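Structure file start_20.cif; described as mmCIF, N, CA and C atoms.
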```cif
data_protein
loop_
_atom_site.group_PDB
_atom_site.id
_atom_site.type_symbol
_atom_site.label_atom_id
_atom_site.label_comp_id
_atom_site.auth_asym_id
_atom_site.auth_seq_id
_atom_site.Cartn_x
_atom_site.Cartn_y
_atom_site.Cartn_z
ATOM 1 N N MET A 1 98.131 113.504 108.899
ATOM 2 C CA MET A 1 97.582 112.263 109.432
ATOM 3 C C MET A 1 96.550 112.576 110.505
ATOM 4 N N ALA A 2 95.637 111.665 110.660
ATOM 5 C CA ALA A 2 94.634 111.841 111.716
ATOM 6 C C ALA A 2 95.298 111.630 113.060
ATOM 7 N N LYS A 3 94.862 112.387 114.031
ATOM 8 C CA LYS A 3 95.413 112.173 115.360
ATOM 9 C C LYS A 3 94.285 112.010 116.357
ATOM 10 N N ALA A 4 94.528 111.198 117.330
ATOM 11 C CA ALA A 4 93.526 110.989 118.372
ATOM 12 C C ALA A 4 93.521 112.213 119.270
ATOM 13 N N GLU A 5 92.359 112.744 119.520
ATOM 14 C CA GLU A 5 92.238 113.889 120.403
ATOM 15 C C GLU A 5 92.071 113.391 121.822
ATOM 16 N N SER A 6 92.204 114.289 122.775
ATOM 17 C CA SER A 6 92.106 113.898 124.174
ATOM 18 C C SER A 6 90.735 113.338 124.519
ATOM 19 N N SER A 7 89.717 113.672 123.742
ATOM 20 C CA SER A 7 88.373 113.177 124.009
ATOM 21 C C SER A 7 88.170 111.755 123.497
ATOM 22 N N GLY A 8 89.196 111.172 122.862
ATOM 23 C CA GLY A 8 89.075 109.813 122.365
ATOM 24 C C GLY A 8 88.418 109.735 121.007
ATOM 25 N N THR A 9 88.545 110.801 120.212
ATOM 26 C CA THR A 9 87.990 110.803 118.867
ATOM 27 C C THR A 9 89.074 111.121 117.862
ATOM 28 N N VAL A 10 88.742 110.953 116.591
ATOM 29 C CA VAL A 10 89.646 111.317 115.513
ATOM 30 C C VAL A 10 88.999 112.468 114.761
ATOM 31 N N ASP A 11 89.795 113.412 114.326
ATOM 32 C CA ASP A 11 89.300 114.543 113.558
ATOM 33 C C ASP A 11 88.519 114.027 112.347
ATOM 34 N N VAL A 12 87.265 114.405 112.240
ATOM 35 C CA VAL A 12 86.383 113.894 111.185
ATOM 36 C C VAL A 12 86.918 114.240 109.792
ATOM 37 N N LYS A 13 87.426 115.435 109.615
ATOM 38 C CA LYS A 13 87.943 115.843 108.309
ATOM 39 C C LYS A 13 89.129 114.974 107.898
ATOM 40 N N LEU A 14 89.998 114.671 108.846
ATOM 41 C CA LEU A 14 91.148 113.841 108.529
ATOM 42 C C LEU A 14 90.743 112.383 108.315
ATOM 43 N N LEU A 15 89.767 111.925 109.067
ATOM 44 C CA LEU A 15 89.279 110.556 108.893
ATOM 45 C C LEU A 15 88.722 110.359 107.491
ATOM 46 N N GLU A 16 88.084 111.379 106.944
ATOM 47 C CA GLU A 16 87.542 111.293 105.589
ATOM 48 C C GLU A 16 88.641 111.144 104.542
ATOM 49 N N LEU A 17 89.842 111.608 104.844
ATOM 50 C CA LEU A 17 90.952 111.517 103.899
ATOM 51 C C LEU A 17 91.649 110.159 103.929
ATOM 52 N N LEU A 18 91.545 109.467 105.048
ATOM 53 C CA LEU A 18 92.220 108.185 105.179
ATOM 54 C C LEU A 18 91.402 107.077 104.526
ATOM 55 N N ALA A 19 92.111 106.086 103.974
ATOM 56 C CA ALA A 19 91.463 104.930 103.366
ATOM 57 C C ALA A 19 92.270 103.691 103.711
ATOM 58 N N CYS A 20 91.620 102.559 103.669
ATOM 59 C CA CYS A 20 92.308 101.297 103.907
ATOM 60 C C CYS A 20 93.362 101.107 102.814
ATOM 61 N N PRO A 21 94.594 100.810 103.177
ATOM 62 C CA PRO A 21 95.636 100.648 102.161
ATOM 63 C C PRO A 21 95.429 99.416 101.267
ATOM 64 N N LEU A 22 94.656 98.441 101.720
ATOM 65 C CA LEU A 22 94.411 97.245 100.910
ATOM 66 C C LEU A 22 93.225 97.406 99.970
ATOM 67 N N THR A 23 92.106 97.895 100.501
ATOM 68 C CA THR A 23 90.881 97.970 99.706
ATOM 69 C C THR A 23 90.591 99.364 99.167
ATOM 70 N N LYS A 24 91.275 100.356 99.691
ATOM 71 C CA LYS A 24 91.034 101.772 99.370
ATOM 72 C C LYS A 24 89.642 102.208 99.822
ATOM 73 N N GLY A 25 89.022 101.416 100.685
ATOM 74 C CA GLY A 25 87.696 101.717 101.212
ATOM 75 C C GLY A 25 87.758 102.611 102.433
ATOM 76 N N PRO A 26 86.592 103.048 102.904
ATOM 77 C CA PRO A 26 86.528 103.960 104.051
ATOM 78 C C PRO A 26 86.893 103.261 105.366
ATOM 79 N N LEU A 27 87.275 104.087 106.338
ATOM 80 C CA LEU A 27 87.607 103.613 107.674
ATOM 81 C C LEU A 27 86.654 104.253 108.669
ATOM 82 N N THR A 28 86.382 103.537 109.748
ATOM 83 C CA THR A 28 85.587 104.101 110.834
ATOM 84 C C THR A 28 86.424 104.078 112.104
ATOM 85 N N TRP A 29 86.127 104.991 113.014
ATOM 86 C CA TRP A 29 86.887 105.138 114.256
ATOM 87 C C TRP A 29 86.249 104.314 115.356
ATOM 88 N N ASP A 30 87.055 103.472 115.997
ATOM 89 C CA ASP A 30 86.632 102.705 117.173
ATOM 90 C C ASP A 30 87.336 103.315 118.381
ATOM 91 N N ALA A 31 86.637 104.196 119.095
ATOM 92 C CA ALA A 31 87.234 104.919 120.219
ATOM 93 C C ALA A 31 87.569 103.984 121.376
ATOM 94 N N LYS A 32 86.772 102.942 121.568
ATOM 95 C CA LYS A 32 87.002 102.017 122.684
ATOM 96 C C LYS A 32 88.368 101.348 122.571
ATOM 97 N N ASN A 33 88.725 100.913 121.352
ATOM 98 C CA ASN A 33 89.985 100.201 121.142
ATOM 99 C C ASN A 33 91.063 101.077 120.517
ATOM 100 N N CYS A 34 90.741 102.330 120.233
ATOM 101 C CA CYS A 34 91.675 103.270 119.613
ATOM 102 C C CYS A 34 92.226 102.693 118.303
ATOM 103 N N GLU A 35 91.285 102.345 117.420
ATOM 104 C CA GLU A 35 91.641 101.730 116.150
ATOM 105 C C GLU A 35 90.799 102.320 115.019
ATOM 106 N N LEU A 36 91.360 102.247 113.821
ATOM 107 C CA LEU A 36 90.620 102.579 112.611
ATOM 108 C C LEU A 36 90.196 101.263 111.973
ATOM 109 N N ILE A 37 88.900 101.121 111.701
ATOM 110 C CA ILE A 37 88.333 99.861 111.244
ATOM 111 C C ILE A 37 88.062 99.911 109.749
ATOM 112 N N SER A 38 88.551 98.881 109.056
ATOM 113 C CA SER A 38 88.214 98.669 107.651
ATOM 114 C C SER A 38 87.277 97.473 107.600
ATOM 115 N N LYS A 39 85.986 97.755 107.405
ATOM 116 C CA LYS A 39 85.006 96.671 107.369
ATOM 117 C C LYS A 39 85.203 95.790 106.144
ATOM 118 N N SER A 40 85.604 96.375 105.025
ATOM 119 C CA SER A 40 85.763 95.599 103.799
ATOM 120 C C SER A 40 86.964 94.652 103.860
ATOM 121 N N ALA A 41 88.023 95.043 104.566
ATOM 122 C CA ALA A 41 89.210 94.184 104.697
ATOM 123 C C ALA A 41 89.173 93.352 105.975
ATOM 124 N N HIS A 42 88.208 93.631 106.866
ATOM 125 C CA HIS A 42 88.100 92.955 108.157
ATOM 126 C C HIS A 42 89.378 93.137 108.983
ATOM 127 N N LEU A 43 89.893 94.387 108.977
ATOM 128 C CA LEU A 43 91.109 94.725 109.707
ATOM 129 C C LEU A 43 90.877 95.935 110.593
ATOM 130 N N ALA A 44 91.630 95.983 111.697
ATOM 131 C CA ALA A 44 91.624 97.122 112.611
ATOM 132 C C ALA A 44 93.047 97.661 112.698
ATOM 133 N N TYR A 45 93.234 98.889 112.221
ATOM 134 C CA TYR A 45 94.550 99.520 112.243
ATOM 135 C C TYR A 45 94.711 100.289 113.553
ATOM 136 N N PRO A 46 95.790 100.042 114.287
ATOM 137 C CA PRO A 46 95.977 100.727 115.571
ATOM 138 C C PRO A 46 96.336 102.203 115.398
ATOM 139 N N VAL A 47 95.984 102.986 116.410
ATOM 140 C CA VAL A 47 96.405 104.387 116.478
ATOM 141 C C VAL A 47 97.238 104.496 117.747
ATOM 142 N N ARG A 48 98.519 104.780 117.564
ATOM 143 C CA ARG A 48 99.455 104.855 118.693
ATOM 144 C C ARG A 48 99.970 106.281 118.835
ATOM 145 N N ASP A 49 99.817 106.841 120.012
ATOM 146 C CA ASP A 49 100.253 108.213 120.292
ATOM 147 C C ASP A 49 99.680 109.184 119.268
ATOM 148 N N GLY A 50 98.431 108.925 118.853
ATOM 149 C CA GLY A 50 97.761 109.806 117.916
ATOM 150 C C GLY A 50 98.128 109.591 116.464
ATOM 151 N N ILE A 51 98.946 108.569 116.177
ATOM 152 C CA ILE A 51 99.396 108.319 114.807
ATOM 153 C C ILE A 51 98.795 107.015 114.307
ATOM 154 N N PRO A 52 98.025 107.062 113.213
ATOM 155 C CA PRO A 52 97.475 105.826 112.668
ATOM 156 C C PRO A 52 98.575 104.988 112.028
ATOM 157 N N ILE A 53 98.632 103.734 112.386
ATOM 158 C CA ILE A 53 99.613 102.803 111.826
ATOM 159 C C ILE A 53 98.905 102.054 110.698
ATOM 160 N N MET A 54 99.091 102.515 109.480
ATOM 161 C CA MET A 54 98.336 102.015 108.336
ATOM 162 C C MET A 54 99.067 100.899 107.592
ATOM 163 N N LEU A 55 99.750 100.053 108.319
ATOM 164 C CA LEU A 55 100.446 98.915 107.726
ATOM 165 C C LEU A 55 99.617 97.649 107.940
ATOM 166 N N PRO A 56 99.289 96.924 106.875
ATOM 167 C CA PRO A 56 98.528 95.686 107.045
ATOM 168 C C PRO A 56 99.192 94.701 108.004
ATOM 169 N N SER A 57 100.503 94.698 108.061
ATOM 170 C CA SER A 57 101.212 93.789 108.963
ATOM 171 C C SER A 57 101.015 94.163 110.426
ATOM 172 N N GLU A 58 100.624 95.402 110.724
ATOM 173 C CA GLU A 58 100.376 95.867 112.092
ATOM 174 C C GLU A 58 98.900 95.776 112.464
ATOM 175 N N ALA A 59 98.044 95.533 111.468
ATOM 176 C CA ALA A 59 96.596 95.515 111.706
ATOM 177 C C ALA A 59 96.172 94.219 112.385
ATOM 178 N N ARG A 60 95.076 94.340 113.131
ATOM 179 C CA ARG A 60 94.482 93.191 113.807
ATOM 180 C C ARG A 60 93.334 92.663 112.959
ATOM 181 N N GLN A 61 93.304 91.332 112.761
ATOM 182 C CA GLN A 61 92.223 90.705 112.016
ATOM 183 C C GLN A 61 90.934 90.769 112.829
ATOM 184 N N LEU A 62 89.837 91.185 112.212
ATOM 185 C CA LEU A 62 88.553 91.249 112.871
ATOM 186 C C LEU A 62 87.802 89.937 112.665
ATOM 187 N N ASP A 63 87.030 89.565 113.678
ATOM 188 C CA ASP A 63 86.178 88.380 113.544
ATOM 189 C C ASP A 63 85.056 88.683 112.568
ATOM 190 N N VAL A 64 84.798 87.742 111.706
ATOM 191 C CA VAL A 64 83.754 87.946 110.689
ATOM 192 C C VAL A 64 82.421 87.502 111.210
#
```

Starting from the coordinates I provided, produce the structure as structure tokens.
Amino acid sequence: MAKAESSGTVDVKLLELLACPLTKGPLTWDAKNCELISKSAHLAYPVRDGIPIMLPSEARQLDV
């Protein structure tokens, strides 16, 4: 799994392996909010203690 590094980033190689569980689309890292963003699903998946929480029920709805 991707983990948040102390610099507030996610390992690029691991980020490339992760996909949105709903759309299977790519995710982008939002360092400010410590979230993985699925633009296609309009969801932000939280990263807690370096662990991405890839459950749609835990994701935050993004404003369109």

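Atom C of A:Pro26 is positioned 6.0 Å from atom N of A:Ser38.
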
(request) Quick one: pull the distance between atom C of A:Ile51 and atom C of A:Val64, Å, one decimal. (result) 25.7 Å

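Coordinates place atom C of A:Leu18 at a distance of 14.8 Å from atom C of A:His42.
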
Spatial neighbours of A:Gln61, 8 Å, all atoms listed in the file, chain gap at least 3 places, as a compact mmCIF listing (two decimals) with N, CA and C atoms, in the frame of the given file:
```txt
# COMPACT_ATOMS: atom_id res chain seq x y z
N ALA A 41 88.02 95.04 104.57
CA ALA A 41 89.21 94.18 104.70
C ALA A 41 89.17 93.35 105.98
N HIS A 42 88.21 93.63 106.87
CA HIS A 42 88.10 92.96 108.16
C HIS A 42 89.38 93.14 108.98
N LEU A 43 89.89 94.39 108.98
CA LEU A 43 91.11 94.72 109.71
C LEU A 43 90.88 95.94 110.59
N ALA A 44 91.63 95.98 111.70
CA ALA A 44 91.62 97.12 112.61
C ALA A 44 93.05 97.66 112.70
N TYR A 45 93.23 98.89 112.22
CA TYR A 45 94.55 99.52 112.24
C TYR A 45 94.71 100.29 113.55
N GLU A 58 100.62 95.40 110.72
CA GLU A 58 100.38 95.87 112.09
C GLU A 58 98.90 95.78 112.46
N VAL A 64 84.80 87.74 111.71
CA VAL A 64 83.75 87.95 110.69
C VAL A 64 82.42 87.50 111.21
```

(message) List as JSON, numbers by chain the residues having at least one atom at most 6.5 Å from position (95.7, 100.7, 108.9) as given in the file, counting all atoms listed in the file.
(response) {"A": [20, 21, 36, 44, 45, 46, 52, 53, 54, 55, 56, 59]}

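DSSP annotation of chain A from backbone atoms: strand (DSSP E) residues are Thr28, Trp29, Asp30, Glu35, Leu36, Ile37, Ser38, Leu43, Ala44, Tyr45, Pro46, Val47, Arg48, Ile51, Pro52, Arg60 and Gln61 of chain A.
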
(request) Taking the chain letters and numbering used in this document, name the residues of chain A that DSSP puts in helix (DSSP H, G or I), as number ranges by chain. (result) A: 12-17, 56-58

Based on the selection just made, write N, CA and C atoms of those residues as a PDB file, in the coordinates of the input.
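And here's again.pdb as it stands now:
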```pdb
ATOM      1  N   VAL A  12      87.265 114.405 112.240  1.00  0.00           N
ATOM      2  CA  VAL A  12      86.383 113.894 111.185  1.00  0.00           C
ATOM      3  C   VAL A  12      86.918 114.240 109.792  1.00  0.00           C
ATOM      4  N   LYS A  13      87.426 115.435 109.615  1.00  0.00           N
ATOM      5  CA  LYS A  13      87.943 115.843 108.309  1.00  0.00           C
ATOM      6  C   LYS A  13      89.129 114.974 107.898  1.00  0.00           C
ATOM      7  N   LEU A  14      89.998 114.671 108.846  1.00  0.00           N
ATOM      8  CA  LEU A  14      91.148 113.841 108.529  1.00  0.00           C
ATOM      9  C   LEU A  14      90.743 112.383 108.315  1.00  0.00           C
ATOM     10  N   LEU A  15      89.767 111.925 109.067  1.00  0.00           N
ATOM     11  CA  LEU A  15      89.279 110.556 108.893  1.00  0.00           C
ATOM     12  C   LEU A  15      88.722 110.359 107.491  1.00  0.00           C
ATOM     13  N   GLU A  16      88.084 111.379 106.944  1.00  0.00           N
ATOM     14  CA  GLU A  16      87.542 111.293 105.589  1.00  0.00           C
ATOM     15  C   GLU A  16      88.641 111.144 104.542  1.00  0.00           C
ATOM     16  N   LEU A  17      89.842 111.608 104.844  1.00  0.00           N
ATOM     17  CA  LEU A  17      90.952 111.517 103.899  1.00  0.00           C
ATOM     18  C   LEU A  17      91.649 110.159 103.929  1.00  0.00           C
ATOM     19  N   PRO A  56      99.289  96.924 106.875  1.00  0.00           N
ATOM     20  CA  PRO A  56      98.528  95.686 107.045  1.00  0.00           C
ATOM     21  C   PRO A  56      99.192  94.701 108.004  1.00  0.00           C
ATOM     22  N   SER A  57     100.503  94.698 108.061  1.00  0.00           N
ATOM     23  CA  SER A  57     101.212  93.789 108.963  1.00  0.00           C
ATOM     24  C   SER A  57     101.015  94.163 110.426  1.00  0.00           C
ATOM     25  N   GLU A  58     100.624  95.402 110.724  1.00  0.00           N
ATOM     26  CA  GLU A  58     100.376  95.867 112.092  1.00  0.00           C
ATOM     27  C   GLU A  58      98.900  95.776 112.464  1.00  0.00           C
TER      28      GLU A  58
END
```

(request) Scan for residues within 7 Å of the point (90.9, 106.2, 116.0) in the coordinates of the file, using only C-alpha atoms, and reply as a PyMOL selection string. (result) chain A and resi 4+9-10+29-31+34-36+47
